[in-house]
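This is protein_1.txt. It holds compact mmCIF, C-alpha atoms.
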# COMPACT_ATOMS: atom_id res chain seq x y z
CA MET A 674 2.62 13.48 -12.20
CA LYS A 675 1.76 16.64 -14.12
CA GLN A 676 -0.09 16.67 -17.43
CA GLU A 677 2.00 18.34 -20.12
CA LYS A 678 0.47 21.32 -21.91
CA ILE A 679 1.73 22.70 -25.22
CA ASN A 680 0.41 26.00 -26.59
CA ILE A 681 0.89 26.66 -30.30
CA ILE A 682 0.01 29.83 -32.19
CA LEU A 683 -0.44 28.90 -35.83
CA ASP A 684 0.63 31.20 -38.66
CA ALA A 685 -0.03 31.31 -42.40
CA ASP A 686 2.81 28.83 -43.04
CA ASP A 687 1.17 26.32 -40.71
CA THR A 688 -2.37 26.61 -42.03
CA ALA A 689 -2.22 27.19 -45.79
CA CYS A 690 -1.62 24.72 -48.59
CA ALA A 691 1.29 25.45 -50.90
CA ASP A 692 -1.06 26.68 -53.62
CA ASN A 693 -2.97 28.82 -51.10
CA ALA A 694 -6.17 26.94 -51.93
CA GLY A 695 -8.13 25.81 -48.89
CA GLY A 696 -6.13 24.93 -45.81
CA LEU A 697 -4.65 22.13 -43.78
CA ARG A 698 -6.89 20.31 -41.37
CA LEU A 699 -5.94 20.40 -37.73
CA ASP A 700 -4.20 17.03 -37.37
CA LYS A 701 -1.89 17.70 -40.34
CA ALA A 702 -1.12 21.28 -39.30
CA LEU A 703 -0.16 20.11 -35.82
CA ALA A 704 1.85 17.13 -37.12
CA ASP A 705 4.01 19.56 -39.09
CA ARG A 706 4.65 21.60 -35.93
CA LEU A 707 5.10 18.60 -33.61
CA PRO A 708 7.45 16.21 -35.46
CA ASP A 709 7.68 13.86 -32.47
CA MET A 710 3.96 13.10 -32.72
CA THR A 711 2.18 11.06 -35.40
CA ARG A 712 -1.09 12.18 -36.99
CA SER A 713 -2.80 9.11 -35.54
CA ARG A 714 -1.79 10.14 -32.03
CA LEU A 715 -3.03 13.68 -32.64
CA GLN A 716 -6.31 12.28 -33.95
CA ARG A 717 -6.70 10.22 -30.76
CA LEU A 718 -6.05 13.31 -28.65
CA CYS A 719 -8.74 15.15 -30.62
CA SER A 720 -11.24 12.36 -30.00
CA GLN A 721 -10.39 12.52 -26.29
CA GLY A 722 -11.03 16.28 -26.16
CA MET A 723 -7.37 16.99 -25.42
CA ILE A 724 -6.84 19.53 -28.23
CA THR A 725 -8.70 22.76 -27.68
CA LYS A 726 -9.11 26.36 -28.81
CA ASP A 727 -10.40 28.91 -26.30
CA GLY A 728 -11.22 26.00 -24.01
CA ARG A 729 -13.40 24.22 -26.60
CA PRO A 730 -12.40 20.76 -27.92
CA LEU A 731 -11.59 20.65 -31.62
CA ASP A 732 -12.36 17.97 -34.18
CA LYS A 733 -9.46 16.55 -36.17
CA LYS A 734 -11.07 17.89 -39.35
CA TYR A 735 -11.17 21.48 -38.08
CA ILE A 736 -9.45 23.87 -40.52
CA PRO A 737 -7.37 26.24 -38.37
CA LYS A 738 -6.82 29.87 -39.27
CA PRO A 739 -3.66 31.98 -38.90
CA GLY A 740 -3.52 33.31 -35.35
CA ASP A 741 -5.41 30.39 -33.82
CA GLU A 742 -3.96 29.48 -30.42
CA ILE A 743 -4.21 25.72 -30.02
CA CYS A 744 -3.72 23.97 -26.69
CA VAL A 745 -2.53 20.36 -26.77
CA LEU A 746 -2.84 18.45 -23.50
CA LEU A 747 -0.72 15.32 -23.24
CA PRO A 748 -1.27 12.51 -20.75
CA PRO A 749 1.40 12.31 -18.06
CA PRO A 750 4.50 10.69 -19.55
CA GLU A 751 5.34 7.17 -18.46
CA GLU A 752 8.70 8.47 -17.31
CA SER A 753 8.87 11.22 -14.71
CA GLU A 754 9.86 14.76 -15.58
CA ALA A 755 13.34 15.14 -17.01
CA ALA A 756 15.86 14.77 -14.20
CA PRO A 757 19.05 16.77 -13.69
CA GLU A 758 22.21 14.91 -14.68
CA GLU A 759 25.80 16.00 -14.22
CA ILE A 760 26.81 16.01 -17.88
CA PRO A 761 29.55 18.38 -19.13
CA LEU A 762 28.25 21.32 -21.15
CA ASP A 763 30.18 23.54 -23.55
CA VAL A 764 28.57 26.89 -22.63
CA VAL A 765 29.50 29.56 -25.16
CA TYR A 766 27.49 32.36 -23.50
CA GLU A 767 25.21 32.80 -20.50
CA ASP A 768 23.30 35.59 -18.79
CA GLY A 769 20.11 35.89 -16.75
CA ASP A 770 17.82 35.31 -19.75
CA LEU A 771 19.51 32.74 -21.93
CA LEU A 772 22.51 30.61 -22.64
CA VAL A 773 24.13 29.41 -25.86
CA VAL A 774 25.58 25.91 -25.84
CA ASN A 775 27.74 23.97 -28.29
CA LYS A 776 26.06 20.55 -28.46
CA PRO A 777 28.27 17.56 -29.25
CA LYS A 778 27.43 15.02 -31.95
CA GLY A 779 25.43 12.12 -30.56
CA MET A 780 23.54 14.03 -27.86
CA VAL A 781 19.74 14.14 -28.07
CA VAL A 782 18.28 17.57 -27.30
CA HIS A 783 15.36 16.51 -25.08
CA PRO A 784 13.92 13.27 -23.61
CA ALA A 785 11.73 11.24 -25.95
CA ALA A 786 10.92 7.61 -26.59
CA GLY A 787 14.16 5.63 -26.30
CA HIS A 788 16.09 8.60 -24.87
CA SER A 789 14.95 9.22 -21.31
CA SER A 790 18.36 10.33 -20.02
CA GLY A 791 21.70 11.69 -21.18
CA THR A 792 20.06 14.50 -23.16
CA LEU A 793 20.90 18.18 -23.38
CA VAL A 794 17.85 18.95 -21.23
CA ASN A 795 19.14 16.64 -18.47
CA ALA A 796 22.46 18.49 -18.56
CA LEU A 797 20.75 21.90 -18.59
CA LEU A 798 18.62 21.05 -15.55
CA HIS A 799 21.78 20.28 -13.59
CA HIS A 800 23.55 23.40 -14.84
CA CYS A 801 20.65 25.85 -14.44
CA GLY A 802 18.62 24.34 -11.62
CA GLY A 803 15.10 25.77 -11.78
CA SER A 804 16.13 28.62 -14.08
CA LEU A 805 14.70 27.36 -17.36
CA SER A 806 11.55 28.46 -19.15
CA GLY A 807 8.47 26.25 -18.87
CA VAL A 808 6.91 27.15 -22.21
CA GLY A 809 7.99 23.89 -23.86
CA GLY A 810 6.59 21.65 -21.11
CA VAL A 811 8.24 19.45 -18.51
CA LEU A 812 10.29 17.43 -21.01
CA ARG A 813 11.51 20.41 -23.05
CA PRO A 814 12.32 23.16 -20.52
CA GLY A 815 14.17 26.05 -22.13
CA ILE A 816 14.23 24.51 -25.61
CA VAL A 817 13.52 27.18 -28.25
CA HIS A 818 14.81 25.28 -31.29
CA ARG A 819 16.49 21.94 -31.91
CA ILE A 820 19.17 20.27 -33.95
CA ASP A 821 19.32 16.56 -34.70
CA LYS A 822 21.07 14.08 -32.43
CA ASP A 823 23.99 13.61 -34.82
CA THR A 824 24.27 17.29 -35.79
CA SER A 825 26.74 19.17 -33.61
CA GLY A 826 26.82 22.87 -32.83
CA LEU A 827 25.09 25.88 -31.40
CA LEU A 828 21.71 26.09 -29.67
CA VAL A 829 20.12 28.94 -27.73
CA VAL A 830 18.26 28.04 -24.53
CA ALA A 831 15.75 30.27 -22.70
CA LYS A 832 16.06 30.63 -18.92
CA ASN A 833 12.64 32.23 -18.43
CA ASP A 834 9.27 32.46 -20.20
CA PHE A 835 9.83 36.09 -21.26
CA ALA A 836 13.00 35.19 -23.12
CA HIS A 837 11.43 32.04 -24.58
CA ASN A 838 8.42 33.89 -26.02
CA CYS A 839 10.62 36.66 -27.47
CA LEU A 840 13.02 34.19 -29.06
CA THR A 841 10.17 32.15 -30.52
CA LYS A 842 8.85 35.28 -32.25
CA VAL A 843 12.33 36.06 -33.60
CA VAL A 844 12.62 32.54 -35.04
CA LYS A 845 9.15 32.68 -36.64
CA ALA A 846 9.91 36.09 -38.17
CA HIS A 847 13.05 34.61 -39.81
CA ASP A 848 15.23 37.09 -37.90
CA PHE A 849 17.30 34.27 -36.41
CA THR A 850 20.55 33.59 -38.28
CA ARG A 851 21.49 29.89 -38.47
CA GLN A 852 24.60 28.95 -40.41
CA TYR A 853 25.92 25.42 -40.83
CA ASP A 854 28.99 23.70 -42.20
CA ALA A 855 28.59 20.40 -44.03
CA ILE A 856 30.58 18.00 -46.14
CA VAL A 857 28.47 16.67 -49.00
CA VAL A 858 28.86 14.05 -51.68
CA GLY A 859 29.88 15.48 -55.05
CA CYS A 860 30.43 19.07 -56.12
CA PRO A 861 27.62 21.55 -56.87
CA LYS A 862 27.99 23.18 -60.28
CA ASP A 863 27.69 26.76 -58.96
CA GLU A 864 29.72 28.41 -56.21
CA ARG A 865 26.52 29.67 -54.56
CA GLY A 866 22.95 28.55 -54.80
CA THR A 867 19.52 28.38 -53.19
CA VAL A 868 17.23 25.40 -52.73
CA ASN A 869 13.60 26.49 -52.51
CA ALA A 870 11.52 23.33 -52.17
CA PRO A 871 8.61 22.61 -49.77
CA ILE A 872 9.11 19.93 -47.12
CA ALA A 873 6.54 17.66 -45.51
CA ARG A 874 6.58 14.41 -43.60
CA HIS A 875 7.29 11.40 -45.79
CA LYS A 876 4.11 9.66 -46.93
CA THR A 877 5.15 6.18 -45.83
CA ASP A 878 8.01 6.66 -43.36
CA ARG A 879 6.98 8.94 -40.48
CA LYS A 880 10.56 9.23 -39.27
CA LYS A 881 11.62 10.94 -42.49
CA MET A 882 10.86 14.20 -44.24
CA ALA A 883 10.70 14.76 -47.99
CA VAL A 884 10.39 17.47 -50.61
CA MET A 885 6.71 17.35 -51.42
CA SER A 886 4.09 19.48 -53.15
CA GLY A 887 1.82 20.96 -50.50
CA GLY A 888 4.57 20.91 -47.87
CA ARG A 889 5.74 23.87 -45.81
CA GLU A 890 7.97 26.46 -47.44
CA ALA A 891 11.65 25.62 -47.01
CA VAL A 892 14.58 27.70 -48.25
CA THR A 893 18.27 26.84 -47.88
CA HIS A 894 21.16 28.96 -49.21
CA TYR A 895 24.57 27.38 -49.76
CA GLU A 896 28.11 28.43 -50.67
CA VAL A 897 31.01 26.19 -51.65
CA VAL A 898 33.97 26.55 -49.27
CA GLY A 899 36.15 23.84 -50.81
CA ARG A 900 35.98 21.33 -53.65
CA TYR A 901 37.68 17.94 -53.31
CA ARG A 902 37.74 14.66 -55.17
CA GLY A 903 34.16 13.42 -54.86
CA TYR A 904 33.20 15.77 -52.01
CA SER A 905 32.59 19.43 -51.14
CA HIS A 906 32.70 21.55 -47.99
CA LEU A 907 29.67 23.85 -47.91
CA LYS A 908 28.45 26.68 -45.74
CA LEU A 909 24.66 26.72 -45.51
CA MET A 910 22.23 29.35 -44.27
CA LEU A 911 18.70 28.51 -43.23
CA GLU A 912 15.99 30.95 -44.22
CA THR A 913 13.38 28.62 -42.74
CA GLY A 914 13.78 25.92 -40.10
CA ARG A 915 12.01 22.73 -41.13
CA THR A 916 12.80 19.34 -39.64
CA HIS A 917 15.89 17.82 -41.34
CA GLN A 918 15.83 20.73 -43.81
CA ILE A 919 19.49 20.77 -44.86
CA ARG A 920 19.70 16.99 -45.08
CA VAL A 921 16.54 16.76 -47.19
CA HIS A 922 17.48 19.66 -49.48
CA MET A 923 21.03 18.46 -50.10
CA ALA A 924 19.79 14.96 -50.97
CA TYR A 925 17.13 16.52 -53.21
CA ILE A 926 19.75 18.29 -55.36
CA GLY A 927 21.92 15.18 -55.56
CA HIS A 928 24.53 16.12 -52.94
CA PRO A 929 23.54 14.34 -49.70
CA VAL A 930 25.40 15.13 -46.51
CA VAL A 931 28.29 12.73 -45.94
CA CYS A 932 27.51 9.82 -43.55
CA ASP A 933 23.76 10.58 -43.57
CA THR A 934 22.39 7.03 -43.70
CA VAL A 935 18.78 8.28 -43.63
CA TYR A 936 18.88 10.49 -46.72
CA GLY A 937 22.18 9.64 -48.38
CA GLY A 938 22.65 5.88 -48.56
CA LYS A 939 22.73 2.89 -46.24
CA LYS A 940 26.44 2.95 -45.44
CA PRO A 941 28.49 5.91 -44.12
CA GLN A 942 31.37 7.05 -46.31
CA PHE A 943 33.79 7.42 -43.36
CA ASP A 944 34.20 5.30 -40.23
CA CYS A 945 35.24 8.30 -38.11
CA CYS A 946 31.76 9.86 -38.35
CA SER A 947 28.61 8.32 -36.92
CA GLY A 948 25.68 10.20 -38.47
CA GLN A 949 25.63 13.18 -40.82
CA CYS A 950 28.66 15.48 -41.10
CA LEU A 951 26.74 18.64 -40.23
CA HIS A 952 27.71 21.35 -37.74
CA ALA A 953 25.70 24.38 -36.59
CA SER A 954 28.62 26.80 -36.67
CA ARG A 955 26.97 30.21 -36.19
CA ILE A 956 23.83 31.75 -34.70
CA ALA A 957 22.91 35.42 -34.37
CA PHE A 958 19.78 37.06 -33.00
CA ALA A 959 18.46 40.08 -31.12
CA HIS A 960 18.77 39.67 -27.37
CA PRO A 961 15.24 39.46 -25.89
CA ARG A 962 16.04 41.92 -23.10
CA THR A 963 18.22 44.52 -24.81
CA GLY A 964 17.32 44.15 -28.49
CA LYS A 965 21.04 44.17 -29.33
CA VAL A 966 22.13 41.60 -31.92
CA ILE A 967 24.47 39.00 -30.46
CA ASP A 968 26.50 36.70 -32.68
CA PHE A 969 28.22 33.40 -31.80
CA THR A 970 30.39 30.91 -33.66
CA ALA A 971 31.61 27.41 -32.85
CA PRO A 972 34.77 25.94 -34.43
CA LEU A 973 34.62 22.81 -36.55
CA PRO A 974 34.63 19.74 -34.28
CA ASP A 975 37.24 16.98 -34.48
CA TYR A 976 35.11 14.54 -36.49
CA PHE A 977 34.56 17.21 -39.16
CA LYS A 978 38.25 18.06 -39.36
CA GLN A 979 39.17 14.37 -39.62
CA ILE A 980 36.97 13.98 -42.70
CA LEU A 981 38.43 17.13 -44.24
CA GLU A 982 41.93 15.70 -43.72
CA ARG A 983 40.94 12.47 -45.47
CA ILE A 984 39.49 14.13 -48.56
CA THR A 985 42.17 16.82 -49.08
Once more with this new file: its structure as structure tokens, please.
Amino acid sequence: MKQEKINIILDADDTACADNAGGLRLDKALADRLPDMTRSRLQRLCSQGMITKDGRPLDKKYIPKPGDEICVLLPPPEESEAAPEEIPLDVVYEDGDLLVVNKPKGMVVHPAAGHSSGTLVNALLHHCGGSLSGVGGVLRPGIVHRIDKDTSGLLVVAKNDFAHNCLTKVVKAHDFTRQYDAIVVGCPKDERGTVNAPIARHKTDRKKMAVMSGGREAVTHYEVVGRYRGYSHLKLMLETGRTHQIRVHMAYIGHPVVCDTVYGGKKPQFDCCSGQCLHASRIAFAHPRTGKVIDFTAPLPDYFKQILERIT
């Protein structure tokens, strides 16, 4: 079974503290970039010589610099490489370099602990065969960016390493348009607004994120589409792409996403929606081969429309 290798090029966002004083040590910088991995696991990998720069093992206390290329070697997973599965895919666009898919609510993007099958990656392997980039490793072939299990909507997938590397640069340069629709609790005072609040992993609950001093820059723009009794329909635009960004930011300003039992209350507001009412409705980016901007939208899914019907 192959050992998985992840290469990460760190930038100023990854390495600097919010006040630009000093810098993040290696295990924290990598934990921010690899949300599926705990700092303790990264520390163990450091002690085992599995995290290197230019072939030299790094200590967990190493302070990385912008531009550092870090290699993380992972032991072979207990499960074999992700296997192809015949799962229906809603393919919005496809060519020789990439495809854009409309992911349904409830589907995990790639295999991880507790989700070894039934993921988007399993479906992509059946649909594309061997035509997926290998940059993300054997469990994340083709995956350039992710959305949460219970968030529906659009994702771009790379079919080769050239496309993957180009798209990664576009995302990091904030030239990747990501627009979402959400139903939130309550009604924001203003018709439009921006939440600019740094996000880091929660201090005590590693499965959650939180607005926190010293976290990574996170900016979310929102616009009110409709106001209802006790709820609002918002369009949101991500300027950055932090883990759970919209969910964290909306809860932070007092308007958590409806049915988000992680950030918005223990019980969902509606029984027709399992997990947050959040849909990635539009993406736009420059095609890696042609440089031409391509723009895609996905209609509101049934669960979203059902909640709108109940609150109007």
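Here CA of Gln852 in chain A stands at a distance of 13.7 Å from CA of Arg920 in chain A.
Closest approach to Ala855 in chain A among A:Ile816, A:Asp768, A:Pro961, A:Lys978 is made by A:Lys978 (distances from all atoms listed in the file).
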Counting all atoms listed in the file, the residue among A:Ala796, A:Val774, A:Ile967, A:Leu718 that lies closest to Ile820 in chain A is A:Val774
Could you give me, as a ChimeraX atom specification, the residues that sit within 10 Å of (16.1, 39.8, -21.3) in the file's coordinates, counting only C-alpha atoms?
/A:768-771,831-833,835-837,839,960-964
Neighbouring residues of Thr877 in chain A were defined as those with any atom within 12 Å, considering all atoms listed in the file; residues of the same chain fewer than 5 positions away were excluded. Please report them as a VMD selection string.
chain A and resid 711 882 to 883
Just want the 10 Å neighbourhood of Gly914 in chain A, counted on only C-alpha atoms, with same-chain residues fewer than 5 positions away dropped. Output as a ChimeraX atom specification.
/A:818-820,844-845,847,849,851,890-893,919
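For Asn869 in chain A, the list of residues within 12 Å, based on only C-alpha atoms and with local chain neighbours fewer than 2 positions off taken out, reads Gly866, Thr867, Pro871, Ile872, Val884, Met885, Ser886, Gly888, Arg889, Glu890, Ala891, Val892, Thr893, His894, Tyr895, Leu911, Glu912, Thr913, Gln918, Ile919, Val921, His922, Met923, Tyr925 and Ile926 of chain A.
Closest approach to Val764 in chain A among A:Cys946, A:Val966, A:Val858, A:Ala971 is made by A:Ala971 (distances from all atoms listed in the file).
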Using all atoms listed in the file, pick whichever of A:Ala953, A:Ala756, A:Leu697, A:Ile743 has the shortest atom-to-atom distance to Ile679 in chain A.
A:Ile743
Could you check how far CA of Thr934 in chain A sits from CA of Arg712 in chain A, in Å to one decimal?
25.0 Å
